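Printed here is model-v4.cif (mmCIF, C-alpha atoms):
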data_coords
loop_
_atom_site.label_atom_id
_atom_site.label_comp_id
_atom_site.auth_asym_id
_atom_site.auth_seq_id
_atom_site.Cartn_x
_atom_site.Cartn_y
_atom_site.Cartn_z
CA GLY A 7 47.98 170.35 33.78
CA ALA A 8 49.77 167.27 32.44
CA GLY A 9 46.94 164.92 33.39
CA TYR A 10 44.30 167.09 31.76
CA SER A 11 46.32 167.41 28.55
CA ILE A 12 46.76 163.63 28.26
CA MET A 13 43.06 163.08 28.96
CA MET A 14 42.13 165.65 26.31
CA LEU A 15 44.46 163.97 23.82
CA HIS A 16 42.81 160.57 24.27
CA ILE A 17 39.32 162.04 23.98
CA VAL A 18 40.19 163.90 20.80
CA LYS A 19 42.01 160.95 19.24
CA ASN A 20 39.11 158.57 19.81
CA GLU A 21 36.28 160.59 18.31
CA GLN A 22 34.48 158.53 15.71
CA GLN A 23 33.87 161.06 12.95
CA ARG A 24 36.66 161.17 10.39
CA THR A 25 36.28 164.93 9.96
CA ARG A 26 37.34 165.36 13.61
CA PRO A 27 34.93 168.15 14.59
CA LEU A 28 35.97 167.91 18.24
CA LEU A 29 39.63 168.44 17.37
CA LYS A 30 38.68 171.41 15.21
CA ARG A 31 36.71 172.89 18.08
CA VAL A 32 39.58 172.37 20.52
CA MET A 33 42.17 173.91 18.19
CA ASP A 34 40.02 176.90 17.26
CA ARG A 35 39.11 177.63 20.86
CA THR A 36 42.65 177.18 22.19
CA ILE A 37 44.25 179.37 19.54
CA ALA A 38 41.56 182.04 20.01
CA LEU A 39 42.28 182.17 23.74
CA LEU A 40 46.01 182.45 23.12
CA LYS A 41 45.50 185.33 20.71
CA ASN A 42 43.86 187.36 23.46
CA GLU A 43 46.66 189.05 25.38
CA ARG A 44 46.08 189.29 29.13
CA ASP A 45 47.85 191.26 31.81
CA ILE A 46 50.02 189.29 34.22
CA ASP A 47 48.43 188.92 37.64
CA ALA A 48 51.42 189.12 39.94
CA THR A 49 49.40 188.09 43.02
CA ASN A 50 48.68 184.61 41.67
CA ALA A 51 51.75 184.15 39.49
CA GLU A 52 53.56 182.09 42.14
CA LYS A 53 50.53 179.95 43.04
CA PHE A 54 49.08 178.90 39.70
CA ASP A 55 50.21 178.31 36.14
CA ARG A 56 48.87 180.91 33.78
CA LEU A 57 46.04 179.82 31.52
CA GLU A 58 48.20 180.59 28.49
CA ALA A 59 50.92 178.23 29.74
CA LEU A 60 48.39 175.41 30.13
CA LEU A 61 46.97 176.06 26.67
CA LEU A 62 50.45 175.96 25.14
CA HIS A 63 51.08 172.62 26.84
CA TYR A 64 47.76 171.32 25.46
CA LEU A 65 48.80 172.33 21.96
CA GLY A 66 52.17 170.66 22.48
CA VAL A 67 50.52 167.35 23.33
CA LEU A 68 48.32 167.53 20.24
CA VAL A 69 51.18 168.54 17.95
CA ARG A 70 53.47 165.75 19.14
CA ASP A 71 50.94 163.00 18.44
CA THR A 72 51.75 161.26 15.17
CA GLU A 73 48.17 160.13 14.47
CA LEU A 74 46.92 163.71 14.57
CA ARG A 75 49.68 165.14 12.39
CA ASP A 76 47.60 165.51 9.23
CA ALA A 77 44.70 167.01 11.15
CA THR A 78 46.80 169.52 13.10
CA ALA A 79 48.98 170.53 10.13
CA HIS A 80 46.27 172.96 9.04
CA TYR A 81 46.93 174.99 12.21
CA TYR A 82 50.74 175.10 12.09
CA ASN A 83 50.86 178.73 10.94
CA GLU A 84 48.67 179.98 13.77
CA ILE A 85 50.31 177.74 16.37
CA LEU A 86 53.78 178.86 15.34
CA LEU A 87 52.72 182.51 15.46
CA VAL A 88 51.33 182.36 19.01
CA THR A 89 54.42 180.40 20.04
CA LEU A 90 56.85 182.94 18.58
CA LYS A 91 55.06 185.78 20.34
CA ARG A 92 55.61 184.09 23.71
CA ILE A 93 59.14 182.81 23.24
CA GLU A 94 60.47 185.82 25.21
CA HIS A 95 57.63 186.06 27.72
CA PRO A 96 58.74 187.40 31.13
CA GLU A 97 56.65 184.84 33.02
CA TRP A 98 58.66 181.62 33.25
CA THR A 99 55.83 179.07 32.97
CA GLU A 100 54.57 180.67 29.78
CA PHE A 101 58.05 181.02 28.31
CA ASN A 102 58.83 177.39 29.17
CA ALA A 103 55.58 176.16 27.62
CA ALA A 104 56.24 178.17 24.45
CA LEU A 105 59.76 176.79 24.26
CA GLN A 106 58.53 173.20 24.55
CA LEU A 107 55.83 173.78 21.95
CA PHE A 108 58.37 175.35 19.60
CA GLY A 109 60.60 172.30 20.00
CA ALA A 110 57.71 169.96 19.24
CA LEU A 111 56.38 171.97 16.31
CA ILE A 112 59.52 172.59 14.24
CA PRO A 113 60.27 168.91 13.42
CA LYS A 114 56.65 168.52 12.29
CA ILE A 115 56.84 171.58 10.07
CA VAL A 116 60.11 170.71 8.36
CA GLY A 117 59.25 167.03 7.99
CA GLN A 118 62.33 166.03 9.94
CA THR A 119 62.82 162.35 10.65
CA LEU A 120 65.32 160.57 12.83
CA ALA A 121 68.72 160.72 11.17
CA LYS A 122 70.38 157.37 10.57
CA ASP A 123 73.76 158.86 9.72
CA PHE A 124 75.02 160.71 12.77
CA ASP A 125 78.11 161.83 10.91
CA ALA A 126 76.13 163.66 8.23
CA ALA A 127 77.22 167.22 7.61
CA ALA A 128 75.18 169.91 9.29
CA GLY A 129 72.33 171.16 7.18
CA ASN A 130 71.97 167.88 5.30
CA GLU A 131 69.43 166.38 7.66
CA HIS A 132 66.45 164.41 6.49
CA ASN A 133 63.95 167.18 5.86
CA ASP A 134 62.20 168.28 2.73
CA ILE A 135 60.64 171.71 3.28
CA THR A 136 61.58 174.64 1.06
CA TYR A 137 61.26 178.40 1.36
CA ASP A 138 58.51 178.29 -1.23
CA GLU A 139 56.50 175.96 1.02
CA ILE A 140 56.89 177.80 4.30
CA ILE A 141 56.04 181.12 2.66
CA ARG A 142 52.81 179.66 1.29
CA LYS A 143 51.87 177.63 4.37
CA MET A 144 53.04 179.97 7.15
CA PRO A 145 53.13 183.51 5.76
CA THR A 146 52.31 185.37 8.97
CA ALA A 147 54.76 183.38 11.09
CA CYS A 148 57.56 183.92 8.56
CA GLU A 149 56.80 187.63 8.41
CA TYR A 150 56.88 187.79 12.20
CA ILE A 151 60.39 186.32 12.30
CA LEU A 152 61.71 188.86 9.80
CA ASN A 153 59.97 191.74 11.55
CA TYR A 154 61.43 190.57 14.86
CA PHE A 155 64.96 191.04 13.56
CA ALA A 156 64.07 194.23 11.67
CA SER A 157 62.79 195.82 14.89
CA LYS A 158 66.01 195.13 16.80
CA GLN A 159 68.49 197.98 16.98
CA ASP A 160 71.23 195.63 18.16
CA LEU A 161 71.30 192.19 16.58
CA ASN A 162 73.80 191.08 19.23
CA SER A 163 71.11 191.18 21.92
CA ASP A 164 68.69 188.36 22.80
CA THR A 165 71.02 185.68 21.48
CA ARG A 166 68.85 182.88 22.85
CA THR A 167 65.87 183.83 20.69
CA THR A 168 68.09 184.46 17.69
CA VAL A 169 69.51 180.94 17.96
CA LEU A 170 66.01 179.46 18.17
CA PHE A 171 64.79 181.29 15.07
CA LEU A 172 67.94 180.49 13.10
CA GLY A 173 67.68 176.86 14.15
CA PHE A 174 64.30 176.77 12.44
CA LEU A 175 65.43 178.61 9.30
CA SER A 176 68.53 176.41 9.00
CA LYS A 177 66.25 173.46 8.27
CA VAL A 178 64.67 175.18 5.26
CA LYS A 179 66.25 175.09 1.82
CA HIS A 180 65.86 176.95 -1.45
CA LEU A 181 65.25 175.03 -4.65
CA PRO A 182 65.50 176.60 -8.11
CA LYS A 183 61.97 177.14 -9.36
CA GLN A 184 59.71 179.92 -10.49
CA LEU A 185 58.97 182.09 -7.45
CA GLY A 186 56.36 184.77 -7.13
CA THR A 187 57.20 188.36 -6.28
CA HIS A 188 56.41 187.89 -2.59
CA GLU A 189 58.49 184.73 -2.34
CA CYS A 190 61.47 186.40 -4.04
CA SER A 191 61.23 189.36 -1.69
CA PHE A 192 61.11 187.11 1.37
CA LEU A 193 64.09 185.06 0.20
CA GLN A 194 66.12 188.19 -0.49
CA ARG A 195 65.32 189.54 2.99
CA ILE A 196 66.45 186.23 4.48
CA ARG A 197 69.77 186.45 2.63
CA GLU A 198 70.34 190.05 3.73
CA LEU A 199 69.51 189.20 7.34
CA MET A 200 71.88 186.24 7.37
CA TRP A 201 74.65 188.40 5.92
CA GLN A 202 74.21 190.84 8.80
CA LEU A 203 74.22 188.02 11.35
CA LEU A 204 77.51 186.69 9.99
CA ALA A 205 79.15 189.50 11.99
CA HIS A 206 77.45 188.48 15.24
CA ARG A 207 79.67 188.28 18.30
CA CYS A 208 78.34 184.81 19.20
CA GLU A 209 79.92 181.91 17.30
CA SER A 210 76.81 179.72 17.40
CA VAL A 211 74.81 182.51 15.75
CA ARG A 212 77.47 182.99 13.08
CA LYS A 213 77.51 179.28 12.30
CA LEU A 214 73.73 179.08 12.05
CA ALA A 215 73.61 182.24 9.94
CA ALA A 216 76.24 180.75 7.62
CA LEU A 217 74.19 177.56 7.28
CA CYS A 218 71.00 179.54 6.61
CA PHE A 219 72.79 181.72 4.05
CA VAL A 220 74.08 178.66 2.20
CA ARG A 221 70.74 176.86 2.20
CA ALA A 222 69.01 180.00 0.95
CA HIS A 223 70.94 179.69 -2.33
CA ASP A 224 70.56 177.26 -5.19
CA PHE A 225 73.59 174.99 -4.96
CA ARG A 226 73.83 174.62 -8.74
CA LEU A 227 74.36 178.25 -9.73
CA GLU A 228 73.78 180.82 -6.97
CA LEU A 229 75.86 179.17 -4.26
CA PRO A 230 79.08 178.80 -6.31
CA GLN A 231 78.88 182.45 -7.33
CA ALA A 232 78.27 183.53 -3.74
CA LEU A 233 81.23 181.51 -2.44
CA ILE A 234 83.58 182.91 -5.09
CA GLY A 235 82.37 186.41 -4.25
CA ILE A 236 83.16 185.80 -0.57
CA CYS A 237 86.66 184.61 -1.46
CA ASN A 238 87.24 187.80 -3.44
CA ILE A 239 86.37 190.11 -0.53
CA LEU A 240 87.65 188.01 2.36
CA GLY A 241 91.14 189.49 2.48
CA ASN A 242 89.83 193.05 2.97
CA VAL A 243 87.47 192.32 5.86
CA LYS A 244 88.48 194.23 9.01
CA ASN A 245 85.76 192.99 11.37
CA GLU A 246 87.08 189.74 12.82
CA ASN A 247 83.62 188.44 13.66
CA LEU A 248 82.51 189.02 10.07
CA PHE A 249 85.69 187.35 8.84
CA LEU A 250 84.86 184.28 10.94
CA GLY A 251 81.28 184.35 9.69
CA LEU A 252 82.41 184.44 6.06
CA VAL A 253 84.86 181.60 6.66
CA ALA A 254 82.05 179.58 8.27
CA THR A 255 79.93 180.30 5.19
CA LEU A 256 82.70 179.01 2.94
CA ALA A 257 82.95 175.85 5.02
CA GLU A 258 79.20 175.21 4.94
CA GLY A 259 79.01 176.07 1.24
CA ILE A 260 81.84 173.78 0.21
CA MET A 261 80.43 170.90 2.25
CA ARG A 262 77.00 171.52 0.75
CA MET A 263 78.41 171.41 -2.77
CA GLN A 264 80.32 168.24 -2.00
CA HIS A 265 77.17 166.69 -0.56
CA GLU A 266 75.09 167.68 -3.60
CA SER A 267 77.80 166.94 -6.17
CA MET A 268 75.96 163.81 -7.33
CA HIS A 269 73.07 166.02 -8.47
CA VAL A 270 75.11 168.42 -10.61
CA ASN A 271 77.16 168.12 -13.76
CA VAL A 272 80.60 166.78 -12.88
CA GLU A 273 82.35 169.20 -15.20
CA ALA A 274 80.49 172.19 -13.77
CA TYR A 275 81.33 171.08 -10.23
CA ASN A 276 85.02 170.70 -11.06
CA VAL A 277 85.12 174.12 -12.72
CA CYS A 278 83.53 175.70 -9.66
CA MET A 279 86.00 174.05 -7.30
CA GLN A 280 88.90 175.17 -9.49
CA GLN A 281 87.63 178.74 -9.34
CA LEU A 282 87.31 178.53 -5.57
CA ARG A 283 90.84 177.17 -5.21
CA ALA A 284 92.19 179.89 -7.49
CA ALA A 285 90.44 182.61 -5.50
CA LEU A 286 91.72 181.19 -2.20
CA ALA A 287 95.24 180.72 -3.57
CA ASN A 288 95.35 184.41 -4.51
CA LEU A 289 93.99 185.53 -1.15
CA GLN A 290 95.88 188.49 0.31
CA LEU A 291 95.22 189.18 3.98
CA THR A 292 95.50 192.91 4.64
CA HIS A 293 94.79 192.69 8.38
CA LYS A 294 96.14 190.71 11.31
CA TYR A 295 93.82 188.18 12.90
CA GLU A 296 93.84 186.13 16.08
CA PRO A 297 95.25 182.56 16.00
CA TYR A 298 91.76 181.09 16.33
CA THR A 299 90.61 183.01 13.25
CA ILE A 300 93.64 181.88 11.26
CA SER A 301 92.94 178.28 12.27
CA LYS A 302 89.47 178.45 10.73
CA LEU A 303 90.90 179.73 7.46
CA LEU A 304 93.48 176.93 7.50
CA ASP A 305 90.64 174.44 7.88
CA ILE A 306 89.04 175.84 4.72
CA LEU A 307 92.29 175.53 2.78
CA HIS A 308 92.65 171.95 3.98
CA LEU A 309 89.05 171.25 2.96
CA VAL A 310 89.69 172.29 -0.65
CA GLY A 311 92.81 170.12 -0.86
CA PHE A 312 95.65 172.62 -0.47
CA ASP A 313 99.02 171.46 0.83
CA ALA A 314 101.83 173.25 2.64
CA GLN A 315 103.43 174.33 -0.66
CA VAL A 316 100.69 176.84 -1.49
CA ARG A 317 101.69 180.45 -0.75
CA ILE A 318 98.69 181.37 1.39
CA VAL A 319 99.12 178.20 3.45
CA GLN A 320 102.80 178.99 4.01
CA GLU A 321 101.86 182.44 5.29
CA LEU A 322 99.28 181.08 7.70
CA LEU A 323 101.61 178.35 8.96
CA ARG A 324 104.05 180.91 10.29
CA ALA A 325 103.60 181.06 14.04
CA PRO A 326 101.39 184.01 15.06
CA ALA A 327 103.20 186.84 16.82
CA VAL A 328 101.67 185.87 20.17
CA GLY A 329 102.65 183.58 22.99
CA ASP A 330 101.69 179.93 22.92
CA THR A 331 99.36 180.63 25.85
CA ALA A 332 97.25 183.04 23.79
CA ILE A 333 93.59 182.18 23.29
CA GLY A 334 93.21 180.04 20.19
CA PHE A 335 96.88 179.21 19.78
CA ASP A 336 96.28 175.53 20.51
CA VAL A 337 93.50 175.46 17.89
CA TRP A 338 95.82 177.08 15.35
CA GLN A 339 98.46 174.47 16.17
CA GLN A 340 96.00 171.65 15.52
CA SER A 341 95.01 173.13 12.16
CA ALA A 342 98.64 173.66 11.21
CA ASP A 343 99.50 170.07 12.09
CA LYS A 344 97.10 168.84 9.40
CA PHE A 345 99.35 170.38 6.74
CA LEU A 346 102.60 169.43 8.42
CA CYS A 347 101.51 165.79 8.55
CA LYS A 348 100.81 165.83 4.80
CA SER A 349 104.17 167.32 3.84
#
File written out as structure tokens:
Amino acid sequence: GAGYSIMMLHIVKNEQQRTRPLLKRVMDRTIALLKNERDIDATNAEKFDRLEALLLHYLGVLVRDTELRDATAHYYNEILLVTLKRIEHPEWTEFNAALQLFGALIPKIVGQTLAKDFDAAAGNEHNDITYDEIIRKMPTACEYILNYFASKQDLNSDTRTTVLFLGFLSKVKHLPKQLGTHECSFLQRIRELMWQLLAHRCESVRKLAALCFVRAHDFRLELPQALIGICNILGNVKNENLFLGLVATLAEGIMRMQHESMHVNVEAYNVCMQQLRAALANLQLTHKYEPYTISKLLDILHLVGFDAQVRIVQELLRAPAVGDTAIGFDVWQQSADKFLCKS
């Protein structure tokens, strides 16, 4: 299949007409074939690659080519949709082909370029797509992602697919502008979904959900209010996974505001940070948490500039009532040392 796909790429790239009728024919025919669901033929599954797997590989070759980017961009919505529908396919060759196509397609959609600063904070990569754009350009694919999560009775299942979808959404940002009714509804559903996923049992999902939640808010007005609201409810959260998810959201939100501080009024930024510090300083933990969880909260307090003299820091610096061999105790010790070194 690889040889045929490369041959097809060279034929399509070298057609003379600027309107690229051959490429259009190839894309239309390939997508049409992929839209037709076929039953799996178990007798030949071990001998031959499925036609759908080959077609997905063909699309991957076309999508990856830089010269064809403008011509293939028109098909991103349909390509993404057929890819998403096969990302959990039981037949390995088809699943693998869909996974590779997904990996090739997402950087093209979000306009991601190679990062020059490898120490840049997560979520601040070089991409420029917004929720407004993906809703207009890929409405059916976006709706499919939301419906996928809405149809799941247990969000803790199928973590692999959840991570893939969140990895895509984490590269999209919300900018303050006039949105239509449909766009507002989609954005609100994204925020609600991310809030639910903050309580996921998998840490990678919680971190991605936190990043998506932060980037789905305008950093000038909505994000500061959301972060202060999280600070106000944090002490009463019983679910430890949700607590960790909210702390991760605070971390991502504060780093986002610091990153974007050059684009906001200095006075407004300082006022917001003062409000955040005040809310965190008055934090009252009503439940006991594991050392690892406490360490993450200590990292937040260190991020906002607290020292060991602040009451909440003093409480968290007291050794947890567990042995030093407990899971997460070493992480708590590392976080505590940051304050002890400053004092």
Residues within 8 Å of segment 217-228 of chain A, please, as a tab-separated table (two decimals) with C-alpha atoms, in the frame of the given file. Count all atoms listed in the file; anything in the same chain fewer than 2 positions from it doesn't count.
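Okay, part-v2.tsv is ready:
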chain	number	residue	atom	x	y	z
A	128	ALA	CA	75.18	169.91	9.29
A	129	GLY	CA	72.33	171.16	7.18
A	137	TYR	CA	61.26	178.40	1.36
A	172	LEU	CA	67.94	180.49	13.10
A	175	LEU	CA	65.43	178.61	9.30
A	176	SER	CA	68.53	176.41	9.00
A	177	LYS	CA	66.25	173.46	8.27
A	178	VAL	CA	64.67	175.18	5.26
A	179	LYS	CA	66.25	175.09	1.82
A	180	HIS	CA	65.86	176.95	-1.45
A	181	LEU	CA	65.25	175.03	-4.65
A	182	PRO	CA	65.50	176.60	-8.11
A	193	LEU	CA	64.09	185.06	0.20
A	196	ILE	CA	66.45	186.23	4.48
A	197	ARG	CA	69.77	186.45	2.63
A	200	MET	CA	71.88	186.24	7.37
A	201	TRP	CA	74.65	188.40	5.92
A	213	LYS	CA	77.51	179.28	12.30
A	214	LEU	CA	73.73	179.08	12.05
A	215	ALA	CA	73.61	182.24	9.94
A	230	PRO	CA	79.08	178.80	-6.31
A	231	GLN	CA	78.88	182.45	-7.33
A	232	ALA	CA	78.27	183.53	-3.74
A	255	THR	CA	79.93	180.30	5.19
A	258	GLU	CA	79.20	175.21	4.94
A	259	GLY	CA	79.01	176.07	1.24
A	262	ARG	CA	77.00	171.52	0.75
A	263	MET	CA	78.41	171.41	-2.77
A	266	GLU	CA	75.09	167.68	-3.60
A	270	VAL	CA	75.11	168.42	-10.61
Pairwise distance for atom CA of Ser341 of chain A and atom CA of Glu246 of chain A, rounded to one decimal in Å: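 It comes out at 18.4 Å.
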Padded axis-aligned box of segment 143-158 of chain A (8 Å per side), centre and edge lengths, Å, one decimal, as AutoDock Vina command-line options:
--center_x 58.9 --center_y 186.7 --center_z 10.6 --size_x 30.1 --size_y 34.2 --size_z 28.4
Option closest in space to Ala314 of chain A, from A:Asp336, A:Leu240, A:Asp343, A:Arg35 [counting all atoms listed in the file]: A:Asp343
For atom CA of Ala38 of chain A and atom CA of Leu62 of chain A, the interatomic separation in Å (one decimal): 11.9 Å
Computed interatomic separation between atom CA of Ala59 of chain A and atom CA of Glu100 of chain A (Å): 4.4 Å
Nearest to Glu84 of chain A by atom-to-atom distance, counting all atoms listed in the file, from A:Leu28, A:Gln23, A:Leu107, A:Thr146: A:Thr146
Might you spell out which residues the PyMOL selection byres ((chain A and resi 39-43) around 9) would select in the displayed file, as a compact mmCIF listing (two decimals) with C-alpha atoms, in the coordinates of the input?
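selection.txt, freshly written:
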# COMPACT_ATOMS: atom_id res chain seq x y z
CA ASP A 34 40.02 176.90 17.26
CA ARG A 35 39.11 177.63 20.86
CA THR A 36 42.65 177.18 22.19
CA ILE A 37 44.25 179.37 19.54
CA ALA A 38 41.56 182.04 20.01
CA ARG A 44 46.08 189.29 29.13
CA ASP A 45 47.85 191.26 31.81
CA LEU A 57 46.04 179.82 31.52
CA GLU A 58 48.20 180.59 28.49
CA LEU A 61 46.97 176.06 26.67
CA LEU A 62 50.45 175.96 25.14
CA VAL A 88 51.33 182.36 19.01
Non-local contacts of segment 79-81 of chain A (12 Å; all atoms listed in the file; under 5 positions in same chain excluded) as a ChimeraX atom specification: /A:29-38,65,68-74,86-88,111-117,143-144,147
Resolved residues for the PyMOL selection byres ((chain A and resi 298) around 12) as a PyMOL selection string: chain A and resi 209+246-247+249-250+253+294-297+299-305+322+326+328+330+332-342
All residues 8 Å or closer to His206 of chain A, all atoms listed in the file, same chain fewer than 6 positions away omitted, as an NGL selection string: :A and (161-162 or 212 or 247-248 or 251)
Run the PyMOL selection byres ((chain A and resi 279) around 10) on the file and write out the hits as a CSV table (one decimal) with C-alpha atoms, keeping the file's coordinate frame.
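Written file, out_34.csv:
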chain,number,residue,atom,x,y,z
A,230,PRO,CA,79.1,178.8,-6.3
A,234,ILE,CA,83.6,182.9,-5.1
A,260,ILE,CA,81.8,173.8,0.2
A,263,MET,CA,78.4,171.4,-2.8
A,264,GLN,CA,80.3,168.2,-2.0
A,273,GLU,CA,82.4,169.2,-15.2
A,274,ALA,CA,80.5,172.2,-13.8
A,275,TYR,CA,81.3,171.1,-10.2
A,276,ASN,CA,85.0,170.7,-11.1
A,277,VAL,CA,85.1,174.1,-12.7
A,278,CYS,CA,83.5,175.7,-9.7
A,280,GLN,CA,88.9,175.2,-9.5
A,281,GLN,CA,87.6,178.7,-9.3
A,282,LEU,CA,87.3,178.5,-5.6
A,283,ARG,CA,90.8,177.2,-5.2
A,284,ALA,CA,92.2,179.9,-7.5
A,285,ALA,CA,90.4,182.6,-5.5
A,310,VAL,CA,89.7,172.3,-0.6
Nearest candidate to Tyr82 of chain A (options A:Tyr10, A:Phe108, A:Phe312, A:Phe192; using only C-alpha atoms):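 Of A:Tyr10, A:Phe108, A:Phe312, A:Phe192, the one nearest Tyr82 of chain A, counting only C-alpha atoms, is A:Phe108.
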